[in-house]
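**Q** Got a structure for you, work-v2.txt, holding compact mmCIF, C-alpha atoms.
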# COMPACT_ATOMS: atom_id res chain seq x y z
CA MET A 1 -7.51 42.47 83.92
CA ALA A 2 -5.43 44.01 81.18
CA SER A 3 -7.11 44.59 77.85
CA PRO A 4 -5.48 43.08 74.74
CA ASP A 5 -3.11 45.28 72.78
CA PRO A 6 -4.67 46.02 69.34
CA GLY A 7 -1.31 46.87 67.83
CA HIS A 8 0.18 43.56 68.88
CA SER A 9 -2.79 41.71 67.37
CA ASP A 10 -2.46 43.54 64.06
CA SER A 11 1.26 42.83 63.99
CA SER A 12 0.69 39.12 64.52
CA ALA A 13 -1.92 39.03 61.79
CA SER A 14 0.44 40.83 59.41
CA ARG A 15 3.25 38.40 60.11
CA GLY A 16 0.84 35.51 59.52
CA ASP A 17 -0.25 36.93 56.18
CA LEU A 18 3.37 37.53 55.24
CA ASP A 19 4.33 33.97 56.09
CA ALA A 20 1.41 32.66 54.05
CA LEU A 21 2.44 34.85 51.12
CA ARG A 22 6.03 33.59 51.33
CA ALA A 23 4.83 30.02 51.46
CA ARG A 24 2.66 30.62 48.37
CA VAL A 25 5.56 32.19 46.48
CA ALA A 26 7.81 29.25 47.40
CA GLN A 27 5.12 26.86 46.19
CA LEU A 28 4.80 28.67 42.88
CA GLU A 29 8.56 28.74 42.43
CA ALA A 30 8.65 25.00 43.05
CA ARG A 31 5.99 24.46 40.41
CA ALA A 32 7.73 26.63 37.79
CA PRO A 33 10.15 23.92 36.57
CA ALA A 34 7.29 21.46 36.39
CA ARG A 35 5.30 23.86 34.24
CA SER A 36 8.37 24.36 32.08
CA ARG A 37 8.67 20.60 31.67
CA HIS A 38 4.98 20.43 30.79
CA ARG A 39 5.62 22.96 28.04
CA ILE A 40 8.60 21.03 26.71
CA ARG A 41 6.87 17.64 26.63
CA PRO A 42 3.92 18.75 24.46
CA PHE A 43 6.33 20.48 22.09
CA PHE A 44 8.37 17.33 21.51
CA ALA A 45 5.22 15.20 21.41
CA VAL A 46 3.79 17.32 18.59
CA LEU A 47 7.15 17.41 16.82
CA LEU A 48 7.58 13.62 16.88
CA ILE A 49 4.02 13.02 15.69
CA LEU A 50 4.53 15.46 12.81
CA VAL A 51 7.81 13.75 11.86
CA ALA A 52 6.04 10.38 11.91
CA ALA A 53 3.32 11.76 9.64
CA VAL A 54 5.92 13.11 7.21
CA LEU A 55 7.81 9.81 7.22
CA THR A 56 4.66 7.75 6.60
CA PRO A 57 4.63 8.17 2.79
CA LEU A 58 8.35 7.36 2.62
CA SER A 59 7.82 4.34 4.86
CA VAL A 60 5.08 2.95 2.62
CA VAL A 61 7.21 3.51 -0.50
CA ALA A 62 10.26 1.97 1.19
CA ALA A 63 8.31 -1.13 2.21
CA TRP A 64 6.96 -1.42 -1.35
CA ALA A 65 10.44 -1.04 -2.87
CA ARG A 66 11.89 -3.65 -0.54
CA ASP A 67 9.12 -6.23 -0.46
CA ASP A 68 7.53 -5.93 -3.92
CA ILE A 69 9.92 -4.45 -6.46
CA GLY A 70 12.89 -6.15 -4.79
CA ASP A 71 11.24 -9.59 -4.55
CA THR A 72 11.09 -11.75 -7.70
CA ASP A 73 7.94 -13.70 -6.85
CA ARG A 74 6.01 -10.58 -5.91
CA TYR A 75 7.27 -8.73 -8.98
CA VAL A 76 6.10 -11.58 -11.21
CA ALA A 77 2.76 -11.59 -9.41
CA MET A 78 2.43 -7.89 -10.25
CA VAL A 79 3.24 -8.19 -13.96
CA LYS A 80 1.59 -11.56 -14.70
CA PRO A 81 -1.92 -10.10 -15.22
CA LEU A 82 -0.47 -7.80 -17.88
CA ALA A 83 -0.20 -10.77 -20.25
CA SER A 84 -4.01 -10.85 -20.37
CA ASP A 85 -4.49 -7.08 -20.47
CA PRO A 86 -6.02 -6.08 -23.84
CA ASP A 87 -4.08 -2.81 -24.02
CA VAL A 88 -0.76 -4.54 -23.37
CA GLN A 89 -1.59 -7.31 -25.85
CA ALA A 90 -2.45 -4.73 -28.52
CA ALA A 91 0.76 -2.79 -27.88
CA VAL A 92 2.94 -5.93 -27.98
CA SER A 93 1.18 -7.17 -31.11
CA LYS A 94 1.74 -3.89 -32.94
CA ARG A 95 5.36 -3.70 -31.81
CA VAL A 96 6.15 -7.26 -32.92
CA THR A 97 4.29 -6.92 -36.24
CA ASP A 98 6.07 -3.67 -37.08
CA ALA A 99 9.43 -5.19 -36.15
CA VAL A 100 8.86 -8.25 -38.32
CA MET A 101 7.60 -6.29 -41.30
CA THR A 102 10.51 -3.83 -41.04
CA HIS A 103 12.96 -6.71 -41.55
CA VAL A 104 10.98 -8.45 -44.25
CA ASP A 105 11.83 -7.90 -47.93
CA ILE A 106 8.90 -9.68 -49.51
CA HIS A 107 10.25 -9.96 -53.04
CA SER A 108 13.72 -11.09 -51.93
CA LEU A 109 12.26 -13.68 -49.58
CA LEU A 110 9.87 -14.99 -52.21
CA GLN A 111 12.74 -15.46 -54.63
CA GLN A 112 14.49 -17.59 -52.02
CA VAL A 113 11.54 -19.96 -51.69
CA ALA A 114 12.32 -23.41 -53.00
CA PRO A 115 10.20 -24.51 -55.97
CA ALA A 116 8.72 -27.31 -53.88
CA ASP A 117 7.47 -24.79 -51.29
CA ARG A 118 5.93 -22.31 -53.74
CA PRO A 119 2.50 -24.00 -53.88
CA VAL A 120 2.26 -23.84 -50.09
CA VAL A 121 3.25 -20.17 -50.05
CA ASP A 122 0.86 -19.33 -52.88
CA LYS A 123 -1.93 -21.08 -51.00
CA ALA A 124 -1.12 -19.21 -47.79
CA LEU A 125 -0.97 -15.82 -49.50
CA GLY A 126 -3.57 -16.44 -52.20
CA ARG A 127 -6.44 -15.86 -49.77
CA LEU A 128 -5.11 -12.40 -48.91
CA SER A 129 -6.57 -9.44 -50.74
CA GLY A 130 -4.75 -6.28 -51.78
CA PRO A 131 -1.08 -5.78 -52.53
CA ILE A 132 1.32 -8.48 -51.45
CA ASN A 133 2.89 -6.33 -48.73
CA THR A 134 -0.50 -5.55 -47.19
CA GLY A 135 -1.50 -9.17 -47.40
CA VAL A 136 1.64 -10.39 -45.68
CA SER A 137 1.32 -7.66 -43.04
CA ASN A 138 -2.26 -8.71 -42.27
CA PHE A 139 -1.20 -12.33 -42.18
CA VAL A 140 1.63 -11.57 -39.75
CA ARG A 141 -0.60 -9.35 -37.59
CA GLY A 142 -3.25 -12.06 -37.36
CA THR A 143 -0.64 -14.60 -36.33
CA VAL A 144 0.81 -12.27 -33.72
CA ASP A 145 -2.66 -11.48 -32.34
CA ARG A 146 -3.42 -15.17 -31.91
CA PHE A 147 -0.12 -15.76 -30.15
CA VAL A 148 -0.36 -12.88 -27.67
CA SER A 149 -3.89 -14.06 -26.79
CA SER A 150 -2.73 -17.60 -26.06
CA ASP A 151 -1.58 -19.30 -22.87
CA ALA A 152 1.83 -19.74 -24.49
CA PHE A 153 2.35 -15.97 -24.50
CA GLU A 154 1.32 -15.69 -20.85
CA LYS A 155 3.86 -18.37 -19.90
CA LEU A 156 6.55 -16.69 -22.00
CA TRP A 157 5.68 -13.32 -20.46
CA VAL A 158 6.00 -14.72 -16.94
CA ASP A 159 9.26 -16.52 -17.72
CA LEU A 160 10.71 -13.44 -19.40
CA ASN A 161 9.85 -11.18 -16.49
CA ARG A 162 11.10 -13.67 -13.92
CA GLU A 163 14.48 -13.96 -15.64
CA ALA A 164 14.61 -10.21 -16.18
CA HIS A 165 13.68 -9.20 -12.65
CA ALA A 166 17.29 -8.64 -11.68
CA ALA A 167 17.54 -6.13 -14.49
CA VAL A 168 14.39 -4.36 -13.34
CA VAL A 169 16.18 -3.84 -10.05
CA LYS A 170 19.23 -2.76 -12.04
CA ALA A 171 17.17 -0.07 -13.72
CA LEU A 172 16.58 1.53 -10.34
CA SER A 173 19.42 0.32 -8.14
CA GLY A 174 22.25 -0.11 -10.65
CA SER A 175 22.85 -3.86 -10.16
CA GLY A 176 21.84 -6.94 -12.10
CA GLY A 177 21.29 -7.72 -15.75
CA GLY A 178 18.98 -9.52 -18.14
CA ALA A 179 16.34 -8.81 -20.76
CA VAL A 180 15.18 -5.67 -19.00
CA LYS A 181 17.57 -2.76 -19.23
CA LEU A 182 17.73 0.96 -18.63
CA THR A 183 18.32 2.90 -21.85
CA ASN A 184 18.16 6.69 -21.86
CA ASP A 185 16.00 6.74 -18.70
CA THR A 186 13.67 4.12 -20.19
CA VAL A 187 13.04 0.62 -18.82
CA VAL A 188 12.48 -1.71 -21.78
CA ILE A 189 11.93 -5.43 -22.38
CA ASP A 190 13.52 -7.11 -25.39
CA LEU A 191 10.73 -8.88 -27.32
CA ALA A 192 13.12 -11.10 -29.29
CA PRO A 193 11.77 -14.31 -27.65
CA VAL A 194 8.24 -13.32 -28.66
CA ILE A 195 9.34 -12.65 -32.24
CA ASP A 196 11.03 -16.07 -32.40
CA ARG A 197 7.79 -17.76 -31.37
CA VAL A 198 5.85 -15.74 -33.94
CA LYS A 199 8.31 -16.67 -36.69
CA GLN A 200 7.82 -20.35 -35.86
CA ARG A 201 4.06 -19.95 -35.97
CA LEU A 202 4.26 -18.22 -39.33
CA VAL A 203 6.26 -21.17 -40.64
CA ASP A 204 3.76 -23.62 -39.15
CA ARG A 205 0.91 -21.76 -40.87
CA GLY A 206 2.58 -22.15 -44.28
CA LEU A 207 4.63 -18.96 -44.56
CA THR A 208 7.92 -20.84 -44.69
CA ILE A 209 9.77 -17.73 -45.85
CA ALA A 210 9.48 -16.48 -42.26
CA ALA A 211 12.21 -18.95 -41.33
CA LYS A 212 14.65 -16.78 -43.27
CA ILE A 213 13.87 -13.67 -41.22
CA PRO A 214 17.02 -12.78 -39.26
CA GLU A 215 17.08 -12.48 -35.48
CA ILE A 216 15.22 -9.35 -34.47
CA HIS A 217 15.58 -7.42 -31.25
CA THR A 218 12.94 -4.84 -30.44
CA ASP A 219 12.04 -3.17 -27.18
CA PHE A 220 8.74 -2.89 -25.32
CA THR A 221 8.73 0.09 -23.00
CA VAL A 222 7.82 -0.70 -19.38
CA LEU A 223 8.61 2.70 -17.85
CA THR A 224 10.07 5.88 -19.20
CA SER A 225 10.85 9.10 -17.39
CA ASP A 226 13.61 11.69 -17.26
CA ALA A 227 13.64 11.16 -13.49
CA ILE A 228 14.42 7.44 -13.55
CA GLY A 229 18.15 7.95 -13.71
CA LYS A 230 17.99 10.51 -10.92
CA ALA A 231 15.77 8.26 -8.81
CA LYS A 232 18.19 5.32 -8.80
CA LYS A 233 20.08 6.45 -5.72
CA GLY A 234 16.88 7.26 -3.89
CA PHE A 235 15.41 3.88 -4.75
CA ARG A 236 18.51 2.10 -3.54
CA LEU A 237 18.31 4.03 -0.28
CA LEU A 238 14.65 3.09 0.10
CA GLN A 239 15.55 -0.56 -0.41
CA ILE A 240 18.16 -0.33 2.34
CA VAL A 241 15.81 1.34 4.83
CA GLY A 242 12.76 -0.59 3.63
CA PHE A 243 12.41 -2.43 6.94
CA TRP A 244 13.75 0.11 9.42
CA LEU A 245 11.99 3.22 8.16
CA PRO A 246 8.46 1.92 8.93
CA VAL A 247 9.70 0.75 12.33
CA LEU A 248 11.26 4.16 13.00
CA THR A 249 8.02 5.89 11.98
CA LEU A 250 6.02 3.72 14.38
CA VAL A 251 8.50 4.30 17.21
CA LEU A 252 8.45 8.08 16.70
CA ALA A 253 4.66 8.13 16.78
CA ALA A 254 4.61 5.96 19.93
CA VAL A 255 7.19 8.14 21.72
CA GLY A 256 5.23 11.24 20.76
CA VAL A 257 2.10 9.74 22.31
CA LEU A 258 3.96 8.75 25.49
CA LEU A 259 5.45 12.24 25.88
CA ALA A 260 2.07 13.92 25.54
CA VAL A 261 0.24 15.12 28.64
CA ARG A 262 -3.08 13.94 27.23
CA ARG A 263 -2.04 10.64 25.73
CA ARG A 264 -5.43 9.50 24.48
CA ARG A 265 -5.87 12.70 22.52
CA ALA A 266 -2.29 12.39 21.27
CA LEU A 267 -2.98 8.81 20.12
CA ILE A 268 -6.00 9.98 18.15
CA THR A 269 -3.95 12.78 16.63
CA ALA A 270 -1.04 10.48 15.75
CA ALA A 271 -3.31 7.88 14.14
CA LEU A 272 -5.09 10.48 12.04
CA ALA A 273 -1.79 12.19 11.14
CA VAL A 274 -0.37 8.90 9.87
CA ALA A 275 -3.57 8.27 7.91
CA VAL A 276 -3.32 11.74 6.35
CA GLY A 277 0.32 11.10 5.43
CA ALA A 278 -0.69 7.90 3.61
CA ALA A 279 -3.57 9.73 1.91
CA VAL A 280 -1.13 12.34 0.62
CA LEU A 281 0.91 9.55 -0.97
CA GLY A 282 -2.22 8.11 -2.60
CA LEU A 283 -3.09 11.53 -4.04
CA ALA A 284 0.49 11.96 -5.25
CA LEU A 285 0.26 8.66 -7.13
CA LEU A 286 -2.87 9.82 -8.93
CA VAL A 287 -1.26 13.12 -9.91
CA PHE A 288 2.02 11.48 -10.95
CA ARG A 289 0.17 8.93 -13.10
CA ALA A 290 -1.55 11.68 -15.08
CA PHE A 291 1.67 13.65 -15.58
CA TYR A 292 3.59 10.47 -16.44
CA LEU A 293 1.17 9.40 -19.18
CA ASP A 294 1.03 12.91 -20.64
CA SER A 295 4.84 13.00 -20.88
CA LEU A 296 5.15 9.75 -22.87
CA PRO A 297 6.48 9.96 -26.42
CA ALA A 298 4.06 9.30 -29.26
CA SER A 299 5.65 5.91 -29.98
CA VAL A 300 4.54 4.52 -26.60
CA SER A 301 0.99 3.26 -26.17
CA GLN A 302 -0.63 5.29 -23.40
CA PRO A 303 -3.27 2.65 -22.53
CA ALA A 304 -0.59 -0.04 -22.24
CA ALA A 305 1.68 2.27 -20.23
CA GLY A 306 -1.23 3.03 -17.90
CA SER A 307 -1.84 -0.68 -17.37
CA VAL A 308 1.84 -1.30 -16.61
CA PHE A 309 1.95 1.64 -14.20
CA ASP A 310 -1.18 0.45 -12.38
CA ALA A 311 0.24 -3.07 -12.10
CA LEU A 312 3.57 -1.91 -10.68
CA VAL A 313 2.02 0.40 -8.07
CA GLY A 314 -0.90 -1.90 -7.26
CA TYR A 315 0.64 -3.15 -4.02
CA LEU A 316 1.72 0.38 -3.17
CA ARG A 317 -1.87 1.58 -3.44
CA ALA A 318 -3.00 -1.37 -1.33
CA GLY A 319 -0.48 -0.34 1.33
CA VAL A 320 -1.82 3.22 1.25
CA ARG A 321 -5.38 2.00 1.76
CA MET A 322 -4.29 -0.29 4.58
CA VAL A 323 -2.45 2.47 6.47
CA ILE A 324 -5.38 4.87 6.07
CA THR A 325 -7.84 2.26 7.31
CA LEU A 326 -5.64 1.27 10.23
CA GLY A 327 -5.13 4.90 11.26
CA VAL A 328 -8.87 5.59 11.22
CA VAL A 329 -9.62 2.39 13.18
CA VAL A 330 -7.01 3.19 15.85
CA ALA A 331 -8.24 6.79 16.15
CA LEU A 332 -11.84 5.63 16.47
CA ALA A 333 -10.92 3.00 19.07
CA ALA A 334 -8.94 5.55 21.10
CA TRP A 335 -11.84 7.99 20.97
CA LEU A 336 -14.38 5.40 22.07
CA THR A 337 -12.27 4.44 25.09
CA GLY A 338 -12.11 8.08 26.22
CA GLU A 339 -14.29 9.93 28.71
CA GLY A 340 -15.82 12.46 26.38
CA ARG A 341 -19.56 13.04 26.46
CA ALA A 342 -20.17 11.52 23.03
CA ALA A 343 -17.85 8.59 23.74
CA ARG A 344 -19.58 7.90 27.07
CA ARG A 345 -22.93 8.01 25.33
CA VAL A 346 -21.78 5.51 22.68
CA LYS A 347 -20.35 3.18 25.35
CA ALA A 348 -23.55 3.46 27.38
CA MET A 349 -25.57 2.53 24.29
CA TRP A 350 -23.15 -0.35 23.59
CA GLY A 351 -23.25 -1.82 27.10
CA GLY A 352 -26.91 -1.05 27.69
CA GLY A 353 -27.98 -2.47 24.36
CA ILE A 354 -26.09 -5.73 24.77
CA GLY A 355 -27.22 -6.04 28.40
CA ALA A 356 -30.80 -5.35 27.39
CA VAL A 357 -30.67 -8.11 24.79
CA ARG A 358 -29.32 -10.53 27.41
CA ASP A 359 -31.99 -9.56 29.96
CA ALA A 360 -34.76 -9.70 27.37
CA ALA A 361 -33.68 -13.22 26.45
CA GLY A 362 -33.77 -14.16 30.13
CA LEU A 363 -30.16 -15.33 30.15
CA THR A 364 -27.96 -15.19 33.21
CA GLY A 365 -24.24 -15.49 33.21
CA GLY A 366 -23.96 -17.48 36.39
CA PRO A 367 -20.42 -18.27 37.52
CA VAL A 368 -19.10 -17.59 34.01
CA GLY A 369 -20.71 -14.18 33.95
CA ALA A 370 -19.31 -13.33 37.36
CA TRP A 371 -15.82 -14.39 36.29
CA VAL A 372 -16.06 -12.39 33.05
CA HIS A 373 -17.19 -9.38 35.08
CA ARG A 374 -14.10 -9.62 37.28
CA ALA A 375 -11.73 -10.22 34.36
CA LYS A 376 -13.43 -7.91 31.87
CA THR A 377 -10.55 -5.45 31.49
CA PRO A 378 -7.86 -8.12 30.88
CA LEU A 379 -10.20 -9.92 28.48
CA ASN A 380 -10.82 -6.74 26.47
CA TRP A 381 -7.09 -6.03 26.29
CA THR A 382 -6.47 -9.63 25.20
CA VAL A 383 -8.87 -9.14 22.29
CA VAL A 384 -7.08 -5.94 21.28
CA VAL A 385 -3.62 -7.54 21.52
CA VAL A 386 -4.69 -10.61 19.53
CA ALA A 387 -6.19 -8.40 16.80
CA ALA A 388 -2.96 -6.38 16.64
CA VAL A 389 -0.82 -9.54 16.42
CA VAL A 390 -3.02 -10.98 13.65
CA LEU A 391 -2.67 -7.74 11.70
CA ILE A 392 1.11 -7.71 12.14
CA VAL A 393 1.70 -11.34 11.12
CA TRP A 394 -0.81 -11.24 8.24
CA ASN A 395 0.98 -11.46 4.92
CA ARG A 396 0.24 -8.26 3.02
CA PRO A 397 -2.93 -7.12 4.84
CA THR A 398 -5.23 -5.03 2.68
CA ALA A 399 -7.68 -2.36 3.77
CA LEU A 400 -10.47 -4.95 3.59
CA VAL A 401 -8.47 -7.37 5.76
CA THR A 402 -7.89 -4.57 8.29
CA VAL A 403 -11.61 -3.81 8.40
CA TRP A 404 -12.51 -7.48 8.88
CA ILE A 405 -9.98 -7.86 11.68
CA ALA A 406 -11.52 -4.81 13.38
CA ILE A 407 -15.01 -6.27 12.92
CA ALA A 408 -13.86 -9.60 14.38
CA ALA A 409 -12.33 -7.79 17.36
CA LEU A 410 -15.55 -5.80 17.81
CA PHE A 411 -17.54 -9.03 17.78
CA ALA A 412 -15.24 -10.56 20.39
CA LEU A 413 -15.64 -7.47 22.59
CA ALA A 414 -19.41 -7.79 22.18
CA VAL A 415 -19.24 -11.41 23.35
CA VAL A 416 -17.27 -10.33 26.43
CA GLU A 417 -19.86 -7.62 27.11
CA PHE A 418 -22.68 -10.13 26.62
CA LEU A 419 -21.15 -12.61 29.08
CA ASP A 420 -20.39 -9.88 31.62
CA ASP A 421 -23.08 -10.32 34.28
CA ASP A 422 -22.82 -8.66 37.68
CA SER A 423 -26.44 -9.63 38.45
CA THR A 424 -27.58 -6.04 37.82
CA PRO A 425 -30.60 -5.91 35.45
CA HIS A 426 -30.18 -3.71 32.43
CA LEU A 427 -33.90 -3.30 31.81
CA THR A 428 -35.85 -1.33 34.37
CA PRO A 429 -39.61 -2.00 34.32
CA ALA A 430 -41.67 1.09 33.64
CA PRO A 431 -43.45 2.37 36.77
CA HIS A 432 -47.19 1.81 36.96
CA GLY A 433 -49.10 4.86 38.00
Can I see the file as structure tokens?
**A**
Amino acid sequence: MASPDPGHSDSSASRGDLDALRARVAQLEARAPARSRHRIRPFFAVLLILVAAVLTPLSVVAAWARDDIGDTDRYVAMVKPLASDPDVQAAVSKRVTDAVMTHVDIHSLLQQVAPADRPVVDKALGRLSGPINTGVSNFVRGTVDRFVSSDAFEKLWVDLNREAHAAVVKALSGSGGGAVKLTNDTVVIDLAPVIDRVKQRLVDRGLTIAAKIPEIHTDFTVLTSDAIGKAKKGFRLLQIVGFWLPVLTLVLAAVGVLLAVRRRRALITAALAVAVGAAVLGLALLVFRAFYLDSLPASVSQPAAGSVFDALVGYLRAGVRMVITLGVVVALAAWLTGEGRAARRVKAMWGGGIGAVRDAAGLTGGPVGAWVHRAKTPLNWTVVVVAAVVLIVWNRPTALVTVWIAIAALFALAVVEFLDDDSTPHLTPAPHG
């Protein structure tokens, strides 16, 4: 019997190793494009999420410009509380009093008083101490103070701002007209209607010479800034894209998440990035408010200007808080549905705790529990979808509304977990030794 040829055996083994090496090289070459694609996808995913985060502040501002500043009813709702603001009332009162007294020549007006009216005028002014000019000024100021504190002023303030809303838009978009106008980068309201009411009240209180005061036009500054004129084009652009920019931001974030290899982690990142973008806008508002008030001329009341600024950006701040809250809630929900060690521990505590409560109470789900167990995943997704729809259709959701919707969804998920019964006890009796 012939013995095997060692050389032939080594040659066969070498060819086998060579074939295996070639097959491995071919396999690696086939995987190379896939790896390249895996590098490209994360790059674009990160890029789109970053763009969405950058666009978030602009989206919030655009929605505010379109829905609040551009809408008459919402604008009036913003400025209506200013009629009861003490700082605004004090500023209006001083402005009106100064305007009236500037156009009043006491001695000339007193000479024009009819003899029959002099006793009434003397009675009205006789109680006033000091020089006649000081007395009349105090009398006018008291009358103005009473008027700006009355319901009549609040109604006049609302009517004036409603009629002038088109001009507020004009101040930033260049269209419209009315009692509000843009003068030298300053948005002002003509207080002539207020002065007319004050003149009538002065007459009613016995100072009939006030009827001879000519028509007076004086301005109350709403906003003033060297940048207002420059911001008009930008504001108009924000009004145009007010609806589509938030949608585009959401789409970019969603596409970035879908392109990511690890989508759950990308969703957490996108939600937190959007929240950070909104937080940057909130911080910018605080900084801009301080710089804006410091740049006001001495003739403008800083407390009143601060109240007006806070009223106009009130909805904008609410939008910032809502986006931050929503981003944190989405990030937290995405994290809890993951498979991380901490997330699994929290879910185990959630399910075990609710199951333990059910078992301790001696409740069994029966057919309902079995059905819920089979349909648990669709039921949980239904709760999430319903919560999202409620948030979308809610008119102007605030951060508090967002939190309550999340709490309601959490409660609904707890109910589903409570009803889920696969007949497996959640409490294990302690062994007796």
**Q** Go through A:Ile405, A:Leu283, A:Ala387, A:Ala331 one by one, measure the shortest atom-to-atom distance of each to Thr269 in chain A using all atoms listed in the file, and give the residue with the smallest value.
**A**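 Comparing A:Ile405, A:Leu283, A:Ala387, A:Ala331 against Thr269 in chain A, the winner is A:Ala331.
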**Q** Each side padded by 6 Å, which centre and which edge lengths in Å (one decimal) define the axis-aligned box around the listed atoms of range 71-86 of chain A? Give them as AutoDock Vina command-line options.
**A**
--center_x 2.6 --center_y -9.9 --center_z -14.2 --size_x 29.3 --size_y 19.6 --size_z 31.3
**Q** Please compute the CA of His373 in chain A-CA of Ile407 in chain A distance, one decimal, in Å.
**A** 22.5 Å
**Q** With all atoms listed in the file as the basis for distance, which of A:Val261, A:Leu267, A:Ala83, A:Val100 is at the shortest distance from Thr337 in chain A?
**A**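 Ranked by minimum distance to Thr337 in chain A, first place goes to A:Leu267.
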**Q** So the first atom is CA of Leu410 in chain A and the second is CA of Val384 in chain A; what is the distance between them in Å, to one decimal place?
**A** 9.2 Å
**Q** Between A:Thr72, A:Val140, A:Gly282, A:Leu245, which one has atoms that come closest to Gly314 in chain A, using only C-alpha atoms?
**A** A:Gly282
**Q** Which residue is closest to Gly338 in chain A? Choose from A:Arg358, A:Arg263, A:Arg317, A:Arg374 and count all atoms listed in the file.
**A**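 Nearest candidate to Gly338 in chain A out of A:Arg358, A:Arg263, A:Arg317, A:Arg374: A:Arg263.
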**Q** Find the residue from A:Ala260, A:Ala278, A:Pro246, A:Val136 that sits nearest to Leu202 in chain A; use only C-alpha atoms when measuring.
**A** A:Val136
**Q** Near Ile324 in chain A, within 8 Å and counting only C-alpha atoms, which residues show up once chain neighbours fewer than 4 positions away are dropped, as a PDB file with C-alpha atoms, in the frame of the given file?
**A**
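The resulting file, part-v7.pdb, is reproduced below:
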ATOM      1  CA  VAL A 274      -0.370   8.900   9.870  1.00  0.00           C
ATOM      2  CA  ALA A 275      -3.570   8.270   7.910  1.00  0.00           C
ATOM      3  CA  VAL A 276      -3.320  11.740   6.350  1.00  0.00           C
ATOM      4  CA  ALA A 278      -0.690   7.900   3.610  1.00  0.00           C
ATOM      5  CA  ALA A 279      -3.570   9.730   1.910  1.00  0.00           C
ATOM      6  CA  VAL A 320      -1.820   3.220   1.250  1.00  0.00           C
ATOM      7  CA  VAL A 328      -8.870   5.590  11.220  1.00  0.00           C
ATOM      8  CA  ALA A 399      -7.680  -2.360   3.770  1.00  0.00           C
TER       9      ALA A 399
END
**Q** Between CA of Pro86 in chain A and CA of Arg197 in chain A, measure the distance and give it in Å to one decimal.
**A**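 Interatomic distance here is 19.6 Å.
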